[in-house]
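Next comes protein.cif, a file with mmCIF, C-alpha atoms.
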data_my_file
#
loop_
_atom_site.group_PDB
_atom_site.id
_atom_site.type_symbol
_atom_site.label_atom_id
_atom_site.label_comp_id
_atom_site.auth_asym_id
_atom_site.auth_seq_id
_atom_site.Cartn_x
_atom_site.Cartn_y
_atom_site.Cartn_z
ATOM 1 C CA MET A 1 -16.545 18.736 10.314
ATOM 2 C CA SER A 2 -13.863 20.722 8.485
ATOM 3 C CA ASP A 3 -14.633 22.387 5.152
ATOM 4 C CA GLN A 4 -11.330 21.025 3.851
ATOM 5 C CA PRO A 5 -11.757 18.307 1.191
ATOM 6 C CA TYR A 6 -11.142 14.807 2.501
ATOM 7 C CA HIS A 7 -8.827 14.232 -0.449
ATOM 8 C CA ILE A 8 -8.393 15.564 -3.984
ATOM 9 C CA PRO A 9 -7.669 12.676 -6.355
ATOM 10 C CA ALA A 10 -4.389 13.095 -8.195
ATOM 11 C CA LEU A 11 -4.099 12.585 -11.959
ATOM 12 C CA LEU A 12 -7.770 11.598 -12.179
ATOM 13 C CA PRO A 13 -8.312 11.787 -15.973
ATOM 14 C CA GLN A 14 -4.998 10.036 -16.580
ATOM 15 C CA CYS A 15 -5.946 7.215 -14.180
ATOM 16 C CA LEU A 16 -9.301 6.687 -15.890
ATOM 17 C CA ASP A 17 -7.626 6.562 -19.307
ATOM 18 C CA ALA A 18 -4.968 4.167 -17.994
ATOM 19 C CA LEU A 19 -7.569 1.767 -16.609
ATOM 20 C CA ASP A 20 -9.321 1.615 -20.014
ATOM 21 C CA ILE A 21 -12.624 1.095 -18.207
ATOM 22 C CA LYS A 22 -15.228 -1.180 -19.770
ATOM 23 C CA PRO A 23 -18.873 -0.775 -18.599
ATOM 24 C CA GLY A 24 -19.077 -4.468 -17.744
ATOM 25 C CA GLY A 25 -15.590 -4.752 -16.266
ATOM 26 C CA ILE A 26 -14.507 -5.518 -12.711
ATOM 27 C CA TYR A 27 -12.077 -3.130 -11.038
ATOM 28 C CA VAL A 28 -10.314 -2.614 -7.724
ATOM 29 C CA ASP A 29 -9.498 0.737 -6.150
ATOM 30 C CA ALA A 30 -6.958 -0.359 -3.548
ATOM 31 C CA THR A 31 -6.951 3.040 -1.810
ATOM 32 C CA TYR A 32 -10.473 4.456 -1.447
ATOM 33 C CA GLY A 33 -9.456 7.476 0.654
ATOM 34 C CA GLY A 34 -11.837 10.315 -0.154
ATOM 35 C CA GLY A 35 -13.470 8.266 -2.898
ATOM 36 C CA GLY A 36 -12.624 10.574 -5.816
ATOM 37 C CA HIS A 37 -11.109 7.888 -8.010
ATOM 38 C CA SER A 38 -13.746 5.334 -6.984
ATOM 39 C CA ARG A 39 -16.702 7.585 -7.822
ATOM 40 C CA ALA A 40 -15.237 8.410 -11.224
ATOM 41 C CA ILE A 41 -14.700 4.718 -11.997
ATOM 42 C CA MET A 42 -18.246 3.831 -10.894
ATOM 43 C CA GLU A 43 -19.726 6.439 -13.234
ATOM 44 C CA ARG A 44 -18.357 4.430 -16.142
ATOM 45 C CA LEU A 45 -19.693 1.052 -14.937
ATOM 46 C CA ASP A 46 -23.011 -0.611 -15.788
ATOM 47 C CA ALA A 47 -24.299 -3.015 -13.147
ATOM 48 C CA THR A 48 -26.681 -4.686 -15.620
ATOM 49 C CA ARG A 49 -23.627 -5.753 -17.645
ATOM 50 C CA GLY A 50 -21.718 -6.990 -14.591
ATOM 51 C CA GLY A 51 -19.666 -3.853 -14.015
ATOM 52 C CA HIS A 52 -18.388 -3.658 -10.449
ATOM 53 C CA LEU A 53 -15.835 -1.856 -8.314
ATOM 54 C CA TYR A 54 -14.259 -3.188 -5.113
ATOM 55 C CA SER A 55 -12.633 -0.457 -3.044
ATOM 56 C CA PHE A 56 -10.280 -1.067 -0.124
ATOM 57 C CA ASP A 57 -9.509 1.141 2.864
ATOM 58 C CA GLN A 58 -8.278 0.300 6.351
ATOM 59 C CA ASP A 59 -9.392 3.620 7.853
ATOM 60 C CA MET A 60 -12.925 3.619 9.264
ATOM 61 C CA ASP A 61 -13.187 7.382 8.652
ATOM 62 C CA ALA A 62 -12.899 6.697 4.922
ATOM 63 C CA VAL A 63 -15.089 3.581 4.992
ATOM 64 C CA SER A 64 -17.901 5.488 6.733
ATOM 65 C CA ARG A 65 -18.030 7.938 3.803
ATOM 66 C CA ALA A 66 -18.353 5.253 1.131
ATOM 67 C CA PRO A 67 -21.571 4.974 -0.930
ATOM 68 C CA LYS A 68 -24.161 2.460 0.196
ATOM 69 C CA GLY A 69 -26.795 0.578 -1.741
ATOM 70 C CA ASP A 70 -25.096 0.853 -5.142
ATOM 71 C CA ASP A 71 -25.096 -2.380 -7.156
ATOM 72 C CA ARG A 72 -21.851 -1.352 -8.818
ATOM 73 C CA PHE A 73 -19.865 -1.019 -5.605
ATOM 74 C CA THR A 74 -18.467 -3.018 -2.685
ATOM 75 C CA MET A 75 -16.488 -1.362 0.118
ATOM 76 C CA VAL A 76 -13.843 -3.590 1.695
ATOM 77 C CA TYR A 77 -12.716 -2.538 5.180
ATOM 78 C CA SER A 78 -9.194 -3.941 5.027
ATOM 79 C CA ASN A 79 -5.585 -3.249 4.165
ATOM 80 C CA PHE A 80 -5.015 -3.608 0.422
ATOM 81 C CA ARG A 81 -2.327 -6.185 1.107
ATOM 82 C CA PHE A 82 -5.164 -8.735 1.396
ATOM 83 C CA ILE A 83 -6.475 -8.113 -2.135
ATOM 84 C CA THR A 84 -6.081 -11.777 -3.125
ATOM 85 C CA ASN A 85 -7.973 -13.049 -0.073
ATOM 86 C CA PHE A 86 -10.914 -10.726 -0.615
ATOM 87 C CA MET A 87 -11.235 -11.339 -4.336
ATOM 88 C CA ARG A 88 -11.392 -15.049 -3.488
ATOM 89 C CA TYR A 89 -13.954 -14.315 -0.748
ATOM 90 C CA TYR A 90 -16.177 -12.462 -3.242
ATOM 91 C CA ASP A 91 -15.724 -15.229 -5.867
ATOM 92 C CA VAL A 92 -14.026 -12.860 -8.307
ATOM 93 C CA GLU A 93 -12.070 -14.932 -10.812
ATOM 94 C CA GLY A 94 -10.267 -12.032 -12.456
ATOM 95 C CA VAL A 95 -10.319 -8.249 -12.559
ATOM 96 C CA ASP A 96 -9.797 -5.857 -15.448
ATOM 97 C CA GLY A 97 -7.886 -3.206 -13.559
ATOM 98 C CA VAL A 98 -6.286 -2.383 -10.202
ATOM 99 C CA LEU A 99 -5.700 1.233 -9.179
ATOM 100 C CA ALA A 100 -3.628 2.320 -6.167
ATOM 101 C CA ASP A 101 -3.045 5.955 -5.222
ATOM 102 C CA LEU A 102 -0.410 5.611 -2.490
ATOM 103 C CA GLY A 103 -0.740 9.179 -1.224
ATOM 104 C CA VAL A 104 -1.899 10.028 2.293
ATOM 105 C CA SER A 105 -5.316 11.726 2.355
ATOM 106 C CA PHE A 106 -5.655 15.429 3.141
ATOM 107 C CA HIS A 107 -7.871 14.297 6.004
ATOM 108 C CA HIS A 108 -4.966 12.518 7.688
ATOM 109 C CA PHE A 109 -2.549 15.395 7.323
ATOM 110 C CA ASP A 110 -5.120 17.999 8.351
ATOM 111 C CA THR A 111 -6.441 16.189 11.441
ATOM 112 C CA PRO A 112 -3.983 16.897 14.296
ATOM 113 C CA GLU A 113 -5.205 14.021 16.473
ATOM 114 C CA ARG A 114 -4.026 11.557 13.808
ATOM 115 C CA GLY A 115 -0.413 12.740 14.235
ATOM 116 C CA PHE A 116 0.595 12.529 10.556
ATOM 117 C CA SER A 117 1.813 16.105 10.212
ATOM 118 C CA PHE A 118 4.479 18.149 11.967
ATOM 119 C CA ARG A 119 2.489 21.349 11.309
ATOM 120 C CA ALA A 120 0.188 20.988 14.334
ATOM 121 C CA ASP A 121 0.660 19.414 17.746
ATOM 122 C CA GLY A 122 -1.259 16.280 18.611
ATOM 123 C CA PRO A 123 -0.791 12.659 19.687
ATOM 124 C CA LEU A 124 2.073 10.898 17.929
ATOM 125 C CA ASP A 125 -0.135 8.240 16.330
ATOM 126 C CA MET A 126 0.247 7.901 12.516
ATOM 127 C CA ARG A 127 -1.801 4.692 12.248
ATOM 128 C CA MET A 128 -3.914 4.357 9.125
ATOM 129 C CA ASN A 129 -5.966 1.732 10.940
ATOM 130 C CA ARG A 130 -6.401 2.904 14.505
ATOM 131 C CA SER A 131 -7.677 -0.497 15.653
ATOM 132 C CA ALA A 132 -4.453 -2.245 14.669
ATOM 133 C CA SER A 133 -0.664 -1.914 14.933
ATOM 134 C CA ARG A 134 1.171 0.333 17.361
ATOM 135 C CA PRO A 135 1.207 4.122 17.244
ATOM 136 C CA ALA A 136 4.382 6.052 16.518
ATOM 137 C CA SER A 137 4.756 6.915 20.213
ATOM 138 C CA ARG A 138 5.086 3.215 21.064
ATOM 139 C CA LEU A 139 7.463 2.701 18.161
ATOM 140 C CA LEU A 140 9.752 5.373 19.630
ATOM 141 C CA ALA A 141 9.384 3.900 23.117
ATOM 142 C CA GLU A 142 10.210 0.320 22.145
ATOM 143 C CA THR A 143 12.610 0.358 19.162
ATOM 144 C CA ASP A 144 16.333 -0.049 19.792
ATOM 145 C CA ARG A 145 18.891 2.501 18.596
ATOM 146 C CA ASP A 146 20.189 0.603 15.563
ATOM 147 C CA ARG A 147 16.747 -0.268 14.216
ATOM 148 C CA LEU A 148 15.503 3.288 14.768
ATOM 149 C CA ALA A 149 18.512 4.691 12.910
ATOM 150 C CA ASP A 150 17.824 2.283 10.028
ATOM 151 C CA ILE A 151 14.167 3.365 9.853
ATOM 152 C CA LEU A 152 15.127 7.036 9.661
ATOM 153 C CA LYS A 153 17.902 6.410 7.135
ATOM 154 C CA ILE A 154 16.115 3.969 4.822
ATOM 155 C CA TYR A 155 12.558 5.307 4.921
ATOM 156 C CA GLY A 156 13.345 8.983 5.514
ATOM 157 C CA GLU A 157 16.688 9.204 3.710
ATOM 158 C CA LEU A 158 17.868 11.491 6.527
ATOM 159 C CA SER A 159 21.577 12.303 6.667
ATOM 160 C CA GLN A 160 21.315 12.797 10.455
ATOM 161 C CA ALA A 161 19.500 9.500 11.025
ATOM 162 C CA ARG A 162 22.014 8.078 13.526
ATOM 163 C CA ARG A 163 22.229 11.293 15.549
ATOM 164 C CA MET A 164 18.442 11.655 15.591
ATOM 165 C CA ALA A 165 18.075 8.088 16.812
ATOM 166 C CA ASP A 166 20.649 8.782 19.554
ATOM 167 C CA ALA A 167 18.752 11.921 20.617
ATOM 168 C CA ILE A 168 15.463 10.021 20.795
ATOM 169 C CA ILE A 169 17.019 7.224 22.840
ATOM 170 C CA ARG A 170 18.645 9.721 25.237
ATOM 171 C CA ALA A 171 15.321 11.502 25.714
ATOM 172 C CA ARG A 172 13.613 8.185 26.331
ATOM 173 C CA GLU A 173 16.198 7.054 28.865
ATOM 174 C CA SER A 174 15.991 10.364 30.730
ATOM 175 C CA GLY A 175 12.238 9.914 31.143
ATOM 176 C CA LYS A 176 11.291 12.649 28.690
ATOM 177 C CA PRO A 177 7.900 11.822 27.124
ATOM 178 C CA LEU A 178 7.652 11.300 23.371
ATOM 179 C CA ASP A 179 3.886 11.060 23.108
ATOM 180 C CA THR A 180 3.124 14.130 20.978
ATOM 181 C CA VAL A 181 4.260 15.744 17.761
ATOM 182 C CA GLY A 182 5.614 18.724 19.695
ATOM 183 C CA GLN A 183 7.646 16.575 22.082
ATOM 184 C CA LEU A 184 9.326 14.746 19.188
ATOM 185 C CA ILE A 185 10.111 17.968 17.330
ATOM 186 C CA GLU A 186 11.639 19.453 20.496
ATOM 187 C CA VAL A 187 14.029 16.492 20.743
ATOM 188 C CA VAL A 188 15.162 16.469 17.105
ATOM 189 C CA SER A 189 15.093 20.213 16.340
ATOM 190 C CA PRO A 190 18.764 20.796 17.334
ATOM 191 C CA LEU A 191 19.716 18.363 14.546
ATOM 192 C CA ILE A 192 17.520 19.944 11.882
ATOM 193 C CA ASP A 193 19.084 22.310 9.330
ATOM 194 C CA PRO A 194 17.023 25.523 9.697
ATOM 195 C CA ARG A 195 17.290 26.074 5.931
ATOM 196 C CA LYS A 196 15.687 22.678 5.293
ATOM 197 C CA GLU A 197 13.389 22.453 8.320
ATOM 198 C CA LYS A 198 10.159 21.567 6.512
ATOM 199 C CA LYS A 199 11.862 19.063 4.217
ATOM 200 C CA GLU A 200 13.717 17.236 6.994
ATOM 201 C CA LEU A 201 10.698 17.129 9.311
ATOM 202 C CA ALA A 202 8.635 15.765 6.420
ATOM 203 C CA GLN A 203 11.291 13.070 5.882
ATOM 204 C CA LEU A 204 11.271 12.200 9.587
ATOM 205 C CA PHE A 205 7.487 11.888 9.728
ATOM 206 C CA GLN A 206 7.437 9.918 6.482
ATOM 207 C CA ALA A 207 9.919 7.412 7.912
ATOM 208 C CA LEU A 208 7.905 6.849 11.080
ATOM 209 C CA ARG A 209 4.611 6.606 9.180
ATOM 210 C CA ILE A 210 6.035 4.007 6.778
ATOM 211 C CA GLU A 211 7.282 1.866 9.671
ATOM 212 C CA VAL A 212 4.131 2.222 11.794
ATOM 213 C CA ASN A 213 1.944 1.058 8.895
ATOM 214 C CA ASP A 214 4.432 -1.382 7.314
ATOM 215 C CA GLU A 215 3.826 0.457 4.048
ATOM 216 C CA MET A 216 6.643 -1.200 2.123
ATOM 217 C CA GLY A 217 5.555 -4.695 3.143
ATOM 218 C CA ALA A 218 1.934 -3.889 2.306
ATOM 219 C CA LEU A 219 2.902 -2.477 -1.092
ATOM 220 C CA ARG A 220 4.868 -5.610 -1.958
ATOM 221 C CA GLN A 221 1.852 -7.779 -1.106
ATOM 222 C CA LEU A 222 -0.483 -5.510 -3.057
ATOM 223 C CA LEU A 223 1.657 -5.693 -6.199
ATOM 224 C CA GLU A 224 2.035 -9.470 -5.953
ATOM 225 C CA GLY A 225 -1.680 -9.852 -5.215
ATOM 226 C CA ALA A 226 -2.704 -7.538 -8.050
ATOM 227 C CA LEU A 227 -0.709 -9.636 -10.481
ATOM 228 C CA ARG A 228 -2.558 -12.755 -9.300
ATOM 229 C CA VAL A 229 -6.057 -11.263 -9.582
ATOM 230 C CA LEU A 230 -5.613 -9.380 -12.883
ATOM 231 C CA ARG A 231 -6.869 -11.041 -16.028
ATOM 232 C CA PRO A 232 -4.527 -11.186 -19.042
ATOM 233 C CA GLY A 233 -4.819 -7.740 -20.584
ATOM 234 C CA GLY A 234 -5.800 -6.227 -17.237
ATOM 235 C CA ARG A 235 -4.244 -2.923 -16.185
ATOM 236 C CA LEU A 236 -2.131 -2.136 -13.122
ATOM 237 C CA VAL A 237 -2.221 1.618 -12.374
ATOM 238 C CA VAL A 238 -0.183 2.985 -9.462
ATOM 239 C CA ILE A 239 0.487 6.531 -8.244
ATOM 240 C CA THR A 240 3.570 6.908 -6.037
ATOM 241 C CA TYR A 241 4.819 9.926 -4.085
ATOM 242 C CA HIS A 242 8.341 9.119 -2.932
ATOM 243 C CA SER A 243 11.357 7.346 -4.362
ATOM 244 C CA LEU A 244 11.157 4.223 -2.194
ATOM 245 C CA GLU A 245 7.702 3.151 -3.317
ATOM 246 C CA ASP A 246 8.273 4.368 -6.882
ATOM 247 C CA ARG A 247 11.387 2.194 -7.158
ATOM 248 C CA MET A 248 9.402 -0.840 -5.987
ATOM 249 C CA VAL A 249 6.615 -0.218 -8.500
ATOM 250 C CA LYS A 250 9.053 0.457 -11.339
ATOM 251 C CA ASN A 251 10.985 -2.734 -10.581
ATOM 252 C CA PHE A 252 7.789 -4.776 -10.324
ATOM 253 C CA ILE A 253 6.464 -3.553 -13.649
ATOM 254 C CA LYS A 254 9.808 -4.233 -15.342
ATOM 255 C CA THR A 255 10.596 -7.641 -13.839
ATOM 256 C CA GLY A 256 7.585 -8.968 -11.890
ATOM 257 C CA ASN A 257 9.355 -8.568 -8.524
ATOM 258 C CA VAL A 258 10.055 -5.543 -6.322
ATOM 259 C CA GLU A 259 13.799 -6.243 -6.121
ATOM 260 C CA GLY A 260 14.174 -5.885 -9.886
ATOM 261 C CA ARG A 261 15.724 -9.330 -10.429
ATOM 262 C CA LEU A 262 15.819 -10.074 -14.156
ATOM 263 C CA ASP A 263 14.623 -13.435 -15.463
ATOM 264 C CA LYS A 264 15.796 -13.897 -19.043
ATOM 265 C CA ASP A 265 14.972 -16.543 -21.619
ATOM 266 C CA PHE A 266 17.467 -18.464 -23.786
ATOM 267 C CA PHE A 267 17.756 -15.495 -26.155
ATOM 268 C CA GLY A 268 18.401 -12.981 -23.382
ATOM 269 C CA ARG A 269 14.935 -11.456 -23.453
ATOM 270 C CA VAL A 270 13.479 -10.401 -20.116
ATOM 271 C CA ASN A 271 10.582 -12.563 -18.954
ATOM 272 C CA SER A 272 8.097 -10.332 -17.151
ATOM 273 C CA PRO A 273 4.400 -10.910 -16.475
ATOM 274 C CA LEU A 274 3.766 -7.209 -17.122
ATOM 275 C CA ARG A 275 4.315 -4.862 -20.037
ATOM 276 C CA PRO A 276 4.784 -1.184 -19.155
ATOM 277 C CA LEU A 277 2.703 1.387 -21.004
ATOM 278 C CA GLY A 278 4.976 4.334 -21.614
ATOM 279 C CA SER A 279 8.690 4.638 -20.990
ATOM 280 C CA ARG A 280 8.333 7.368 -18.352
ATOM 281 C CA PRO A 281 5.862 7.971 -15.511
ATOM 282 C CA VAL A 282 3.013 10.445 -15.989
ATOM 283 C CA THR A 283 3.243 13.503 -13.729
ATOM 284 C CA PRO A 284 0.815 16.365 -13.000
ATOM 285 C CA ASP A 285 0.910 19.428 -15.225
ATOM 286 C CA ASP A 286 1.365 22.944 -13.861
ATOM 287 C CA GLU A 287 -2.379 23.554 -13.735
ATOM 288 C CA GLU A 288 -3.035 20.520 -11.529
ATOM 289 C CA VAL A 289 -0.144 21.369 -9.191
ATOM 290 C CA ALA A 290 -1.509 24.910 -8.842
ATOM 291 C CA LEU A 291 -4.942 23.532 -7.872
ATOM 292 C CA ASN A 292 -3.550 20.709 -5.736
ATOM 293 C CA PRO A 293 0.038 21.403 -4.555
ATOM 294 C CA ARG A 294 0.180 18.021 -2.790
ATOM 295 C CA SER A 295 0.094 16.300 -6.170
ATOM 296 C CA ARG A 296 3.440 17.787 -7.251
ATOM 297 C CA SER A 297 5.461 14.652 -6.406
ATOM 298 C CA ALA A 298 2.938 12.192 -7.896
ATOM 299 C CA LYS A 299 4.144 9.688 -10.487
ATOM 300 C CA LEU A 300 1.712 7.473 -12.365
ATOM 301 C CA ARG A 301 2.964 4.159 -13.749
ATOM 302 C CA VAL A 302 0.834 1.813 -15.847
ATOM 303 C CA ALA A 303 1.318 -1.771 -16.973
ATOM 304 C CA VAL A 304 -0.670 -4.481 -18.727
ATOM 305 C CA LYS A 305 -0.664 -8.119 -17.623
ATOM 306 C CA VAL A 306 0.617 -10.279 -20.483
#

Any chance you could give the structure as structure tokens?
Amino acid sequence: MSDQPYHIPALLPQCLDALDIKPGGIYVDATYGGGGHSRAIMERLDATRGGHLYSFDQDMDAVSRAPKGDDRFTMVYSNFRFITNFMRYYDVEGVDGVLADLGVSFHHFDTPERGFSFRADGPLDMRMNRSASRPASRLLAETDRDRLADILKIYGELSQARRMADAIIRARESGKPLDTVGQLIEVVSPLIDPRKEKKELAQLFQALRIEVNDEMGALRQLLEGALRVLRPGGRLVVITYHSLEDRMVKNFIKTGNVEGRLDKDFFGRVNSPLRPLGSRPVTPDDEEVALNPRSRSAKLRVAVKV
């Protein structure tokens, strides 16, 4: 096993403060990952007073590392989009806080056979849950030109989205395999600006990963589900890493829906089931970024259910 950490939790003290953890409270960590946030939450819970944490992860690698035999903890092997179903299954009537760190674990980026990173060759997979959905290689093999261009434009915000989609389709039609990271990079590299190579490849891989795992659809369901399971006064705490998911979370906190549709009362006041805490997102300080460069794009948003 690699000596690399599975994942370093971003904004850990800020998340714990935002959750306002009570020893007898019930909490959900929607993204267990390396377990850093979950372990810190559990340390503040008292099982004799009913304190409990439910942590979700759809990746068996993460689930296998979760603590066992702790009365304060339940590991849920599932996508967080099913938060409502599982809280009903465990007879949980309301929770005091929901935390979601939407970042991809170091483990995923640093394991070439998972195909999340352009920095090392490996199978073009990108599935968070390897027993479900289709890998990125199948996505490239089966998606039509227009849809592929939309994926790259919307989820990757790539200016060359249409030309990249055309290049992928031409390679596919000529029988060129697109099964590995290296094969994909070879096809798109003529369209990459050498001055922005790392940025544009990161955008490309982000777009494919989001589509493979239906990350935007899952996030919508998580936010809607979290609102249903939170008690009045419960906290919603979300860390985002790119503008698409941050916009959804910001809209949801402001209006109660990811589109940002405003519902106003007779006096013109916005009706929202959530009240934001703070006017701006919390971001890592220079010291944290120096210790964990992957946290540099993290934004923490917090809201209270009203």

Contact check, stretch 146-221 of chain A to stretch 258-271 of chain A, at most 10 Å, counting all atoms listed in the file, closest pairs as CSV:
residue,atom,partner,partner_atom,distance
A:Leu219,CA,A:Val258,CA,9.4
A:Arg220,CA,A:Val258,CA,6.8
A:Gln221,CA,A:Val258,CA,10.0

Given the file above and the PyMOL selection byres ((chain A and resi 42-59) around 10), which residues are selected, and can you give them as a PDB file with C-alpha atoms, keeping the file's coordinate frame?
ATOM      1  CA  LEU A  16      -9.301   6.687 -15.890  1.00  0.00           C
ATOM      2  CA  ILE A  21     -12.624   1.095 -18.207  1.00  0.00           C
ATOM      3  CA  LYS A  22     -15.228  -1.180 -19.770  1.00  0.00           C
ATOM      4  CA  PRO A  23     -18.873  -0.775 -18.599  1.00  0.00           C
ATOM      5  CA  GLY A  24     -19.077  -4.468 -17.744  1.00  0.00           C
ATOM      6  CA  GLY A  25     -15.590  -4.752 -16.266  1.00  0.00           C
ATOM      7  CA  ILE A  26     -14.507  -5.518 -12.711  1.00  0.00           C
ATOM      8  CA  TYR A  27     -12.077  -3.130 -11.038  1.00  0.00           C
ATOM      9  CA  VAL A  28     -10.314  -2.614  -7.724  1.00  0.00           C
ATOM     10  CA  ASP A  29      -9.498   0.737  -6.150  1.00  0.00           C
ATOM     11  CA  ALA A  30      -6.958  -0.359  -3.548  1.00  0.00           C
ATOM     12  CA  THR A  31      -6.951   3.040  -1.810  1.00  0.00           C
ATOM     13  CA  TYR A  32     -10.473   4.456  -1.447  1.00  0.00           C
ATOM     14  CA  GLY A  33      -9.456   7.476   0.654  1.00  0.00           C
ATOM     15  CA  GLY A  34     -11.837  10.315  -0.154  1.00  0.00           C
ATOM     16  CA  GLY A  35     -13.470   8.266  -2.898  1.00  0.00           C
ATOM     17  CA  HIS A  37     -11.109   7.888  -8.010  1.00  0.00           C
ATOM     18  CA  SER A  38     -13.746   5.334  -6.984  1.00  0.00           C
ATOM     19  CA  ARG A  39     -16.702   7.585  -7.822  1.00  0.00           C
ATOM     20  CA  ALA A  40     -15.237   8.410 -11.224  1.00  0.00           C
ATOM     21  CA  ILE A  41     -14.700   4.718 -11.997  1.00  0.00           C
ATOM     22  CA  MET A  60     -12.925   3.619   9.264  1.00  0.00           C
ATOM     23  CA  ASP A  61     -13.187   7.382   8.652  1.00  0.00           C
ATOM     24  CA  ALA A  62     -12.899   6.697   4.922  1.00  0.00           C
ATOM     25  CA  VAL A  63     -15.089   3.581   4.992  1.00  0.00           C
ATOM     26  CA  SER A  64     -17.901   5.488   6.733  1.00  0.00           C
ATOM     27  CA  ALA A  66     -18.353   5.253   1.131  1.00  0.00           C
ATOM     28  CA  ASP A  70     -25.096   0.853  -5.142  1.00  0.00           C
ATOM     29  CA  ASP A  71     -25.096  -2.380  -7.156  1.00  0.00           C
ATOM     30  CA  ARG A  72     -21.851  -1.352  -8.818  1.00  0.00           C
ATOM     31  CA  PHE A  73     -19.865  -1.019  -5.605  1.00  0.00           C
ATOM     32  CA  THR A  74     -18.467  -3.018  -2.685  1.00  0.00           C
ATOM     33  CA  MET A  75     -16.488  -1.362   0.118  1.00  0.00           C
ATOM     34  CA  VAL A  76     -13.843  -3.590   1.695  1.00  0.00           C
ATOM     35  CA  TYR A  77     -12.716  -2.538   5.180  1.00  0.00           C
ATOM     36  CA  SER A  78      -9.194  -3.941   5.027  1.00  0.00           C
ATOM     37  CA  ASN A  79      -5.585  -3.249   4.165  1.00  0.00           C
ATOM     38  CA  PHE A  80      -5.015  -3.608   0.422  1.00  0.00           C
ATOM     39  CA  ARG A  81      -2.327  -6.185   1.107  1.00  0.00           C
ATOM     40  CA  PHE A  82      -5.164  -8.735   1.396  1.00  0.00           C
ATOM     41  CA  ILE A  83      -6.475  -8.113  -2.135  1.00  0.00           C
ATOM     42  CA  PHE A  86     -10.914 -10.726  -0.615  1.00  0.00           C
ATOM     43  CA  MET A  87     -11.235 -11.339  -4.336  1.00  0.00           C
ATOM     44  CA  TYR A  90     -16.177 -12.462  -3.242  1.00  0.00           C
ATOM     45  CA  VAL A  95     -10.319  -8.249 -12.559  1.00  0.00           C
ATOM     46  CA  GLY A  97      -7.886  -3.206 -13.559  1.00  0.00           C
ATOM     47  CA  VAL A  98      -6.286  -2.383 -10.202  1.00  0.00           C
ATOM     48  CA  LEU A  99      -5.700   1.233  -9.179  1.00  0.00           C
ATOM     49  CA  ALA A 100      -3.628   2.320  -6.167  1.00  0.00           C
ATOM     50  CA  HIS A 108      -4.966  12.518   7.688  1.00  0.00           C
ATOM     51  CA  ARG A 127      -1.801   4.692  12.248  1.00  0.00           C
ATOM     52  CA  MET A 128      -3.914   4.357   9.125  1.00  0.00           C
ATOM     53  CA  ASN A 129      -5.966   1.732  10.940  1.00  0.00           C
ATOM     54  CA  ARG A 130      -6.401   2.904  14.505  1.00  0.00           C
ATOM     55  CA  SER A 131      -7.677  -0.497  15.653  1.00  0.00           C
ATOM     56  CA  ALA A 132      -4.453  -2.245  14.669  1.00  0.00           C
TER      57      ALA A 132
END

Enter the distance from atom CA of A:Val188 to atom CA of A:Ile151, in Å, rounded to one decimal.
->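 About the pair atom CA of A:Val188 and atom CA of A:Ile151: they are 15.0 Å apart.
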
Measure the distance from atom CA of A:Thr84 to atom CA of A:Gly217 in Å and round it to one decimal.
->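 It comes out at 15.0 Å.
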
Point-to-point distance from atom CA of A:Arg65 to atom CA of A:Ser105, Å rounded to tenths =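 Computing it gives 13.3 Å between the two atoms.
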
Would you please work out which residue, of A:Leu152, A:Ala10, A:Leu274, A:Val302, is nearest to A:Gly103 when using all atoms listed in the file?
->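 Using all atoms listed in the file, A:Gly103 sits closest to A:Ala10.
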